[in-house]
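Undergrad: So that you have it, the file is my_file-v7.txt, and it contains compact mmCIF, C-alpha atoms:
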# COMPACT_ATOMS: atom_id res chain seq x y z
CA GLY Y 1 48.36 6.14 -3.82
CA SER Y 2 46.85 9.02 -5.82
CA LEU Y 3 44.69 6.57 -7.76
CA SER Y 4 43.29 4.87 -4.69
CA ALA Y 5 42.59 8.27 -3.11
CA SER Y 6 40.65 9.39 -6.17
CA SER Y 7 38.79 6.09 -6.38
CA ARG Y 8 37.96 6.37 -2.68
CA ALA Y 9 36.60 9.86 -3.31
CA GLY Y 10 34.62 8.41 -6.20
CA VAL Y 11 33.08 5.77 -3.98
CA ARG Y 12 32.23 8.38 -1.38
CA GLN Y 13 30.60 10.53 -4.03
CA ARG Y 14 28.62 7.58 -5.31
CA ILE Y 15 27.39 6.78 -1.80
CA ARG Y 16 26.44 10.41 -1.32
CA LYS Y 17 24.57 10.31 -4.62
CA VAL Y 18 22.61 7.24 -3.53
CA LEU Y 19 21.95 8.35 0.05
CA ASN Y 20 20.65 11.79 -0.86
CA ARG Y 21 18.12 13.75 1.16
CA GLU Y 22 15.16 13.06 -1.13
CA MET Y 23 15.69 9.33 -0.91
CA LEU Y 24 16.19 9.24 2.86
CA ILE Y 25 12.99 11.26 3.26
CA SER Y 26 11.04 8.83 1.08
CA VAL Y 27 12.34 5.85 3.08
CA ALA Y 28 11.49 7.63 6.35
CA LEU Y 29 7.95 8.48 5.18
CA GLY Y 30 7.38 4.82 4.37
CA GLN Y 31 8.51 3.87 7.87
CA VAL Y 32 5.96 6.25 9.40
CA LEU Y 33 3.24 4.30 7.56
CA SER Y 34 4.80 1.08 8.81
CA LEU Y 35 4.65 2.29 12.42
CA LEU Y 36 0.97 3.20 11.98
CA ILE Y 37 0.29 -0.34 10.78
CA CYS Y 38 2.14 -1.63 13.82
CA GLY Y 39 -0.25 0.42 16.00
CA ILE Y 40 -3.23 -1.01 14.13
CA GLY Y 41 -1.92 -4.54 14.66
CA LEU Y 42 -1.21 -4.06 18.37
CA THR Y 43 -4.60 -2.53 19.20
CA SER Y 44 -6.35 -5.31 17.22
CA LYS Y 45 -4.34 -7.96 19.05
CA TYR Y 46 -5.29 -6.54 22.46
CA LEU Y 47 -8.94 -6.27 21.44
CA SER Y 48 -9.20 -9.83 20.19
CA GLU Y 49 -6.95 -11.62 22.72
CA ASP Y 50 -7.53 -9.77 25.99
CA PHE Y 51 -11.10 -8.61 25.49
CA HIS Y 52 -12.34 -11.22 22.98
CA ALA Y 53 -13.64 -8.45 20.75
CA ASN Y 54 -13.29 -9.86 17.22
CA THR Y 55 -14.82 -6.98 15.29
CA PRO Y 56 -12.80 -6.40 12.11
CA VAL Y 57 -15.76 -4.99 10.16
CA PHE Y 58 -16.75 -2.64 12.97
CA GLN Y 59 -13.14 -1.42 13.19
CA SER Y 60 -13.08 -0.72 9.45
CA PHE Y 61 -16.49 0.94 9.78
CA LEU Y 62 -15.14 3.38 12.40
CA ASN Y 63 -12.28 4.33 10.09
CA TYR Y 64 -14.56 4.86 7.08
CA ILE Y 65 -16.90 7.00 9.18
CA LEU Y 66 -13.96 9.19 10.20
CA LEU Y 67 -12.88 9.49 6.56
CA PHE Y 68 -16.47 10.33 5.67
CA LEU Y 69 -16.72 13.03 8.34
CA VAL Y 70 -13.45 14.68 7.33
CA TYR Y 71 -13.05 14.19 3.57
CA THR Y 72 -16.50 13.47 2.14
CA THR Y 73 -17.89 16.57 3.87
CA THR Y 74 -14.96 18.57 2.44
CA LEU Y 75 -16.00 17.42 -1.04
CA ALA Y 76 -19.64 18.24 -0.26
CA VAL Y 77 -18.92 21.91 0.46
CA ARG Y 78 -16.65 22.39 -2.57
CA GLN Y 79 -17.90 24.23 -5.62
CA GLY Y 80 -18.00 23.22 -9.27
CA GLU Y 81 -16.29 20.18 -10.74
CA GLU Y 82 -14.68 19.24 -7.43
CA ASN Y 83 -18.06 18.97 -5.71
CA LEU Y 84 -19.20 15.67 -4.26
CA LEU Y 85 -22.25 15.38 -6.51
CA ALA Y 86 -20.29 16.32 -9.63
CA ILE Y 87 -17.76 13.58 -8.86
CA LEU Y 88 -20.50 11.05 -8.12
CA ARG Y 89 -22.31 11.85 -11.34
CA ARG Y 90 -19.18 11.19 -13.37
CA ARG Y 91 -17.55 8.27 -11.55
CA TRP Y 92 -19.79 6.81 -8.86
CA TRP Y 93 -19.58 3.20 -10.08
CA LYS Y 94 -15.77 3.22 -10.20
CA TYR Y 95 -15.55 4.43 -6.63
CA MET Y 96 -18.21 1.96 -5.59
CA ILE Y 97 -16.03 -0.91 -6.87
CA LEU Y 98 -12.93 0.63 -5.26
CA GLY Y 99 -14.72 1.01 -1.92
CA LEU Y 100 -15.74 -2.66 -2.00
CA ILE Y 101 -12.22 -3.78 -2.95
CA ASP Y 102 -10.70 -1.72 -0.15
CA LEU Y 103 -13.10 -3.05 2.47
CA GLU Y 104 -12.74 -6.70 1.47
CA ALA Y 105 -8.94 -6.52 1.21
CA ASN Y 106 -8.85 -5.59 4.89
CA TYR Y 107 -11.48 -8.13 5.80
CA LEU Y 108 -9.95 -11.16 4.04
CA VAL Y 109 -6.55 -10.79 5.69
CA VAL Y 110 -8.08 -10.32 9.15
CA LYS Y 111 -10.32 -13.33 8.54
CA ALA Y 112 -7.31 -15.43 7.54
CA TYR Y 113 -5.90 -15.21 11.09
CA GLN Y 114 -8.64 -17.62 12.15
CA TYR Y 115 -7.51 -20.30 9.74
CA THR Y 116 -3.79 -20.17 9.16
CA THR Y 117 -0.54 -19.38 10.93
CA LEU Y 118 1.07 -15.99 11.42
CA THR Y 119 4.09 -17.11 9.38
CA SER Y 120 1.99 -17.96 6.33
CA ILE Y 121 0.20 -14.66 6.56
CA GLN Y 122 3.44 -12.70 6.70
CA LEU Y 123 4.98 -14.60 3.81
CA LEU Y 124 1.92 -14.65 1.57
CA ASP Y 125 1.27 -10.99 2.25
CA CYS Y 126 4.38 -10.30 0.16
CA PHE Y 127 2.28 -11.36 -2.83
CA VAL Y 128 0.99 -7.79 -2.91
CA ILE Y 129 4.38 -6.70 -4.32
CA PRO Y 130 4.29 -8.65 -7.62
CA VAL Y 131 0.63 -7.64 -8.00
CA VAL Y 132 1.49 -3.95 -7.63
CA ILE Y 133 4.47 -4.23 -9.98
CA LEU Y 134 2.44 -5.92 -12.71
CA LEU Y 135 -0.48 -3.51 -12.42
CA SER Y 136 1.88 -0.50 -12.37
CA TRP Y 137 3.61 -1.88 -15.45
CA PHE Y 138 0.43 -2.38 -17.46
CA PHE Y 139 -1.83 0.40 -16.22
CA LEU Y 140 0.47 3.18 -15.01
CA LEU Y 141 3.08 2.29 -17.66
CA ILE Y 142 5.84 2.47 -15.05
CA ARG Y 143 9.11 0.92 -16.18
CA TYR Y 144 11.64 -0.45 -13.69
CA LYS Y 145 15.38 -0.83 -13.98
CA ALA Y 146 17.61 -3.68 -12.79
CA VAL Y 147 18.34 -1.84 -9.52
CA HIS Y 148 14.64 -1.81 -8.65
CA PHE Y 149 14.34 -5.57 -9.04
CA ILE Y 150 17.49 -6.12 -6.99
CA GLY Y 151 16.04 -3.91 -4.24
CA ILE Y 152 12.74 -5.80 -4.33
CA VAL Y 153 14.51 -9.18 -4.08
CA VAL Y 154 16.61 -7.93 -1.14
CA CYS Y 155 13.44 -6.74 0.66
CA ILE Y 156 11.75 -10.10 0.20
CA LEU Y 157 14.89 -11.90 1.41
CA GLY Y 158 14.73 -9.75 4.54
CA MET Y 159 11.12 -10.78 4.98
CA GLY Y 160 12.08 -14.47 4.64
CA CYS Y 161 14.77 -13.93 7.26
CA MET Y 162 12.13 -12.65 9.70
CA VAL Y 163 9.84 -15.60 9.11
CA GLY Y 164 12.82 -17.92 9.62
CA ALA Y 165 13.51 -16.22 12.95
CA ASP Y 166 9.87 -16.71 13.98
CA VAL Y 167 10.11 -20.43 13.28
CA LEU Y 168 13.43 -20.73 15.14
CA VAL Y 169 12.25 -19.00 18.31
CA GLY Y 170 8.97 -20.96 18.06
CA ARG Y 171 6.71 -17.94 18.18
CA HIS Y 172 3.05 -18.61 18.84
CA GLN Y 173 1.85 -19.83 15.48
CA GLY Y 174 -1.89 -19.57 15.98
CA ALA Y 175 -4.40 -22.16 14.92
CA GLY Y 176 -3.73 -23.75 11.57
CA GLU Y 177 -6.58 -26.20 11.28
CA ASN Y 178 -7.74 -25.08 7.88
CA LYS Y 179 -4.53 -23.81 6.43
CA LEU Y 180 -5.44 -23.85 2.76
CA VAL Y 181 -8.54 -21.72 3.30
CA GLY Y 182 -6.48 -19.23 5.31
CA ASP Y 183 -3.70 -19.10 2.72
CA LEU Y 184 -6.18 -18.48 -0.09
CA LEU Y 185 -7.83 -15.72 1.93
CA VAL Y 186 -4.44 -14.00 2.38
CA LEU Y 187 -3.63 -14.28 -1.33
CA GLY Y 188 -7.06 -12.90 -2.19
CA GLY Y 189 -6.63 -10.05 0.27
CA ALA Y 190 -3.11 -9.26 -1.01
CA THR Y 191 -4.36 -9.17 -4.61
CA LEU Y 192 -7.17 -6.79 -3.67
CA TYR Y 193 -4.72 -4.59 -1.72
CA GLY Y 194 -2.51 -4.43 -4.80
CA ILE Y 195 -5.41 -3.40 -7.04
CA SER Y 196 -6.56 -0.81 -4.52
CA ASN Y 197 -3.04 0.69 -4.11
CA VAL Y 198 -2.37 1.07 -7.83
CA TRP Y 199 -5.83 2.53 -8.38
CA GLU Y 200 -5.13 4.91 -5.49
CA GLU Y 201 -1.87 5.99 -7.12
CA TYR Y 202 -3.67 6.64 -10.40
CA ILE Y 203 -6.39 8.72 -8.70
CA ILE Y 204 -4.05 10.89 -6.64
CA ARG Y 205 -1.78 11.55 -9.61
CA THR Y 206 -4.56 12.45 -12.03
CA LEU Y 207 -7.35 13.69 -9.72
CA SER Y 208 -6.77 14.39 -6.01
CA ARG Y 209 -6.07 12.93 -2.61
CA VAL Y 210 -9.18 14.43 -1.03
CA GLU Y 211 -11.35 13.00 -3.79
CA PHE Y 212 -9.87 9.54 -3.22
CA LEU Y 213 -10.31 9.66 0.57
CA GLY Y 214 -13.76 11.23 0.41
CA MET Y 215 -15.02 8.56 -1.97
CA ILE Y 216 -13.42 5.71 -0.01
CA GLY Y 217 -15.06 7.16 3.13
CA LEU Y 218 -18.46 7.36 1.47
CA PHE Y 219 -18.60 3.92 -0.12
CA GLY Y 220 -16.50 2.21 2.56
CA ALA Y 221 -18.86 3.40 5.30
CA PHE Y 222 -21.87 2.34 3.22
CA PHE Y 223 -20.65 -1.20 2.49
CA SER Y 224 -19.05 -1.86 5.86
CA GLY Y 225 -22.27 -0.65 7.51
CA ILE Y 226 -24.22 -3.26 5.54
CA GLN Y 227 -21.64 -5.96 6.25
CA LEU Y 228 -21.68 -5.00 9.92
CA ALA Y 229 -25.45 -5.34 10.13
CA ILE Y 230 -25.38 -8.74 8.44
CA MET Y 231 -22.29 -10.41 9.87
CA GLU Y 232 -21.13 -8.78 13.05
CA HIS Y 233 -24.02 -7.36 15.06
CA LYS Y 234 -23.96 -10.32 17.46
CA GLU Y 235 -20.21 -9.96 18.06
CA LEU Y 236 -20.67 -6.27 18.85
CA LEU Y 237 -23.34 -6.97 21.44
CA LYS Y 238 -20.92 -9.36 23.19
CA VAL Y 239 -18.23 -6.68 23.61
CA PRO Y 240 -17.86 -5.90 27.33
CA TRP Y 241 -17.64 -2.10 26.98
CA ASP Y 242 -15.49 -0.16 29.42
CA TRP Y 243 -12.99 2.67 29.20
CA GLN Y 244 -10.04 0.37 28.33
CA ILE Y 245 -11.83 -1.15 25.36
CA GLY Y 246 -13.00 2.32 24.38
CA LEU Y 247 -9.40 3.56 24.41
CA LEU Y 248 -8.26 0.62 22.28
CA TYR Y 249 -10.96 1.37 19.69
CA VAL Y 250 -9.96 5.05 19.73
CA GLY Y 251 -6.28 4.12 19.31
CA PHE Y 252 -7.10 1.73 16.49
CA SER Y 253 -9.23 4.32 14.69
CA ALA Y 254 -6.58 7.02 15.10
CA CYS Y 255 -3.84 4.82 13.59
CA MET Y 256 -6.10 3.64 10.79
CA PHE Y 257 -7.27 7.16 9.96
CA GLY Y 258 -3.66 8.36 10.05
CA LEU Y 259 -2.62 5.56 7.71
CA TYR Y 260 -5.38 6.28 5.18
CA SER Y 261 -4.83 10.06 5.29
CA PHE Y 262 -1.07 9.91 5.01
CA MET Y 263 -0.64 7.04 2.56
CA PRO Y 264 -1.68 9.02 -0.54
CA VAL Y 265 0.89 11.68 0.39
CA VAL Y 266 3.64 9.06 0.48
CA ILE Y 267 2.40 7.28 -2.66
CA LYS Y 268 2.44 10.57 -4.55
CA LYS Y 269 5.98 11.30 -3.38
CA THR Y 270 7.22 7.76 -4.08
CA SER Y 271 4.95 5.10 -5.62
CA ALA Y 272 2.60 2.26 -4.73
CA THR Y 273 5.42 -0.26 -5.16
CA SER Y 274 7.75 1.67 -2.89
CA VAL Y 275 5.08 2.02 -0.21
CA ASN Y 276 4.37 -1.72 -0.20
CA LEU Y 277 8.07 -2.47 0.19
CA SER Y 278 8.23 -0.01 3.10
CA LEU Y 279 5.35 -1.74 4.83
CA LEU Y 280 7.31 -4.99 5.07
CA THR Y 281 8.95 -3.63 8.21
CA ALA Y 282 5.59 -3.26 10.01
CA ASP Y 283 5.73 -6.85 11.34
CA LEU Y 284 9.19 -6.13 12.74
CA TYR Y 285 8.03 -3.04 14.63
CA SER Y 286 5.23 -5.19 16.06
CA LEU Y 287 7.86 -7.71 17.09
CA PHE Y 288 10.07 -5.14 18.78
CA CYS Y 289 6.99 -3.94 20.69
CA GLY Y 290 6.16 -7.56 21.48
CA LEU Y 291 9.56 -8.03 23.11
CA PHE Y 292 8.50 -5.52 25.77
CA LEU Y 293 4.74 -6.03 25.90
CA PHE Y 294 4.33 -9.80 25.42
CA HIS Y 295 7.85 -10.96 26.35
CA TYR Y 296 8.58 -12.49 22.96
CA LYS Y 297 11.87 -14.33 22.57
CA PHE Y 298 14.48 -12.30 20.73
CA SER Y 299 16.63 -13.45 17.83
CA GLY Y 300 19.48 -11.57 16.15
CA LEU Y 301 17.87 -12.57 12.86
CA TYR Y 302 15.13 -10.02 13.52
CA LEU Y 303 17.66 -7.19 13.42
CA LEU Y 304 19.32 -8.71 10.36
CA SER Y 305 15.94 -8.90 8.69
CA PHE Y 306 15.14 -5.28 9.56
CA PHE Y 307 18.37 -3.93 8.10
CA THR Y 308 18.11 -6.17 5.04
CA ILE Y 309 14.68 -4.73 4.24
CA LEU Y 310 15.98 -1.19 4.77
CA ILE Y 311 18.93 -1.86 2.44
CA GLY Y 312 16.50 -3.17 -0.17
CA LEU Y 313 14.42 -0.01 0.23
CA VAL Y 314 17.46 2.21 -0.17
CA LEU Y 315 18.45 0.30 -3.31
CA TYR Y 316 14.94 0.55 -4.70
CA SER Y 317 14.70 4.28 -3.95
CA SER Y 318 18.20 5.09 -5.20
CA THR Y 319 17.05 5.59 -8.78
CA SER Y 320 13.78 6.73 -10.26
CA THR Y 321 11.47 4.59 -12.35
CA TYR Y 322 10.38 6.07 -15.63
CA ILE Y 323 7.26 6.09 -17.72
CA ALA Y 324 6.98 4.43 -21.09
CA GLN Y 325 6.44 7.75 -22.82
CA ASP Y 326 3.36 6.83 -24.72
CA PRO Y 327 1.41 3.72 -25.61
CA ARG Y 328 1.55 4.81 -29.29
CA VAL Y 329 5.28 4.10 -29.30
CA TYR Y 330 4.51 0.41 -29.04
CA LYS Y 331 2.46 0.43 -32.21
CA GLN Y 332 5.59 1.49 -34.07
CA PHE Y 333 7.52 -1.34 -32.47
CA ARG Y 334 5.05 -3.88 -33.72
CA ASN Y 335 5.04 -2.58 -37.23
CA PRO Y 336 7.64 -4.81 -38.89
CA SER Y 337 7.84 -2.93 -42.18
CA GLY Y 338 8.26 0.48 -40.59
CA PRO Y 339 11.56 2.00 -39.49
CA VAL Y 340 13.13 0.89 -36.21
CA VAL Y 341 12.18 3.40 -33.54
CA ASP Y 342 14.26 4.14 -30.48
CA LEU Y 343 12.47 4.54 -27.19
CA PRO Y 344 11.97 8.28 -26.84
CA THR Y 345 14.82 9.85 -24.84
CA THR Y 346 14.54 7.43 -21.93
CA ALA Y 347 17.96 6.08 -22.77
CA GLN Y 348 19.84 9.38 -22.71
CA VAL Y 349 17.94 11.37 -20.10
CA GLU Y 350 16.36 9.70 -17.15
CA PRO Y 351 13.27 11.74 -16.42
CA SER Y 352 12.11 11.78 -12.87
CA VAL Y 353 8.73 10.08 -12.88
CA THR Y 354 6.53 12.00 -15.28
CA TYR Y 355 2.94 11.05 -15.72
CA THR Y 356 2.56 12.26 -19.25
CA SER Y 357 1.25 8.90 -20.23
CA LEU Y 358 -2.04 8.87 -18.39
CA GLY Y 359 -4.05 9.74 -21.41
CA GLN Y 360 -4.49 13.49 -21.18
CA GLU Y 361 -2.40 14.19 -24.23
CA THR Y 362 -4.36 12.18 -26.77
CA GLU Y 363 -6.27 15.29 -27.85
CA GLU Y 364 -3.08 17.14 -28.69
CA GLU Y 365 -1.92 14.41 -31.02
CA PRO Y 366 -0.77 16.10 -34.21
CA HIS Y 367 -2.88 14.87 -37.09
CA VAL Y 368 -0.21 13.82 -39.53
CA ARG Y 369 -1.58 11.96 -42.48
CA VAL Y 370 0.85 9.55 -44.05
CA ALA Y 371 0.14 9.04 -47.74
Please render this file's structure as structure tokens.
TA:
Amino acid sequence: GSLSASSRAGVRQRIRKVLNREMLISVALGQVLSLLICGIGLTSKYLSEDFHANTPVFQSFLNYILLFLVYTTTLAVRQGEENLLAILRRRWWKYMILGLIDLEANYLVVKAYQYTTLTSIQLLDCFVIPVVILLSWFFLLIRYKAVHFIGIVVCILGMGCMVGADVLVGRHQGAGENKLVGDLLVLGGATLYGISNVWEEYIIRTLSRVEFLGMIGLFGAFFSGIQLAIMEHKELLKVPWDWQIGLLYVGFSACMFGLYSFMPVVIKKTSATSVNLSLLTADLYSLFCGLFLFHYKFSGLYLLSFFTILIGLVLYSSTSTYIAQDPRVYKQFRNPSGPVVDLPTTAQVEPSVTYTSLGQETEEEPHVRVA
């Protein structure tokens, strides 16, 4: 029995290695974001269904104004290179594009609810994950291992399980009169979310979180203000204002502001891919709330789905991704006559994610002339 005892100890050690504190913290942080999204969804649902206030642009506008008041003003009072004007002089057009992408990503998905069913939206929203993986691969040079892909597949299976449960209990599907339009809107929104998340990761790793949020606040408020004036001013006038509606708008804005402020912290600690996997549980939190608030029917599949997604997250977080050390390595790969080059050290030592590859080190390149 000595062998089985030692192998049991080995298994226990392996489990302890996987379920370490760092990893559990990163999974927990992701779930905090997921709960904030649940709050956003619930307040929106109450606003649109009970009070007939369909004001997605106004709701985004409130959030951007809050970001503007907190983060853009912080940038404005800073000195030197970190100052608002210095940043705008260097990169205003990039942040302008990012602000637009961020605003429209939110808008397209909200708009889709008018055309297609909840199930489609939940399923197609998963499209953000391949988008983020591909963009991270090409632009952040992040490399994944087999475990990561297994974790991702498990998460998406969990998501499918939830949608299956919805269909089985016959949850209110919503209007689906123009399904194709709605589905395309969701795919468009998911693609824009993916772009915005990877760009966000790049900015907070190379520049700063406050810069990202301040710029999103500035351009988001600007564009959503214009969109509000054009598209939604009539809707706003129809809103029957009272303290309940006011509280819902306050609750929505608080959750949204919390999500935007906290997300860069979690992305920096984990990654854009990891965060998007974590957010898959948001629909389930909404469901568990719905059991109490809207008397939804329950299905055991919901719990199965929840734990499947969490297992996928644990698998994904159990090992770190690594960075393809340098784009110049690939040139050597493609050179058929040159010597075969091993990937630098990634095989022997697994570095925790290092962002050496984001182009700061090109100046230090040793100038070796080959005769």
Undergrad: Between CA of Leu280 in chain Y and CA of Leu67 in chain Y, measure the distance and give it in Å to one decimal.
TA: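 Separating CA of Leu280 in chain Y from CA of Leu67 in chain Y is a distance of 24.9 Å.
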Undergrad: State, in Å with one decimal place, the distance from CA of Thr116 in chain Y to CA of Pro56 in chain Y.
TA: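 Straight-line distance from CA of Thr116 in chain Y to CA of Pro56 in chain Y works out to 16.7 Å.
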Undergrad: Measure the distance from CA of Gln79 in chain Y to CA of Trp92 in chain Y in Å and round it to one decimal.
TA: 17.8 Å
Undergrad: Counting only C-alpha atoms, write as a list in words all protein and nucleic acid residues lying at most 10 Å from (17.5, -1.1, 4.3) in the file's frame.
TA: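 Within the cut-off we find Val27, Gly151, Val154, Cys155, Gly158, Ser278, Thr281, Leu304, Ser305, Phe306, Phe307, Thr308, Ile309, Leu310, Ile311, Gly312, Leu313, Val314, Leu315 and Tyr316 of chain Y.
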Undergrad: From the set Y:Ala165, Y:Leu42, Y:Leu207, Y:Ser318, which residue has the shortest atom-to-atom contact distance to Ile15 in chain Y, counting all atoms listed in the file?
TA: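 The shortest atom-to-atom distance to Ile15 in chain Y comes from Y:Ser318.
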Undergrad: Y:Lys268, Y:His233, Y:Lys238, Y:Lys179: which is nearest Arg209 in chain Y, counting all atoms listed in the file?
TA: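 Residue with the minimum atom-to-atom distance to Arg209 in chain Y: Y:Lys268.
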Undergrad: Which one is closest to Glu211 in chain Y: Y:Arg78, Y:Arg12, Y:Lys111, Y:Lys17? Count all atoms listed in the file.
TA: Y:Arg78
Undergrad: Please identify all polymer residues within 7 Å of range 228-232 of chain Y, counting all atoms listed in the file, omitting same-chain residues fewer than 2 positions from it, and present them as a PyMOL selection string.
TA: chain Y and resi 55+57-58+224-226+234-236
Undergrad: Nearest to Leu69 in chain Y among Y:Ala221, Y:Leu184, Y:Leu98, Y:Val250, with distances taken over all atoms listed in the file: which residue is it?
TA: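 Closest to Leu69 in chain Y, using all atoms listed in the file: Y:Ala221.
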Undergrad: For range 195-198 of chain Y, find every residue with an atom within 12 Å (counting only C-alpha atoms), except residues of its own chain fewer than 3 positions away, and show them as a PyMOL selection string.
TA: chain Y and resi 94-95+97-106+127-142+188-192+201-205+212+216+260+263-264+266-268+271-276
Undergrad: Quick one: of Y:Phe252, Y:Trp243, Y:Phe149, Y:Tyr64, who's nearest to Tyr46 in chain Y, counting only C-alpha atoms?
TA: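 Checking each of Y:Phe252, Y:Trp243, Y:Phe149, Y:Tyr64 against Tyr46 in chain Y, counting only C-alpha atoms, the winner is Y:Phe252.
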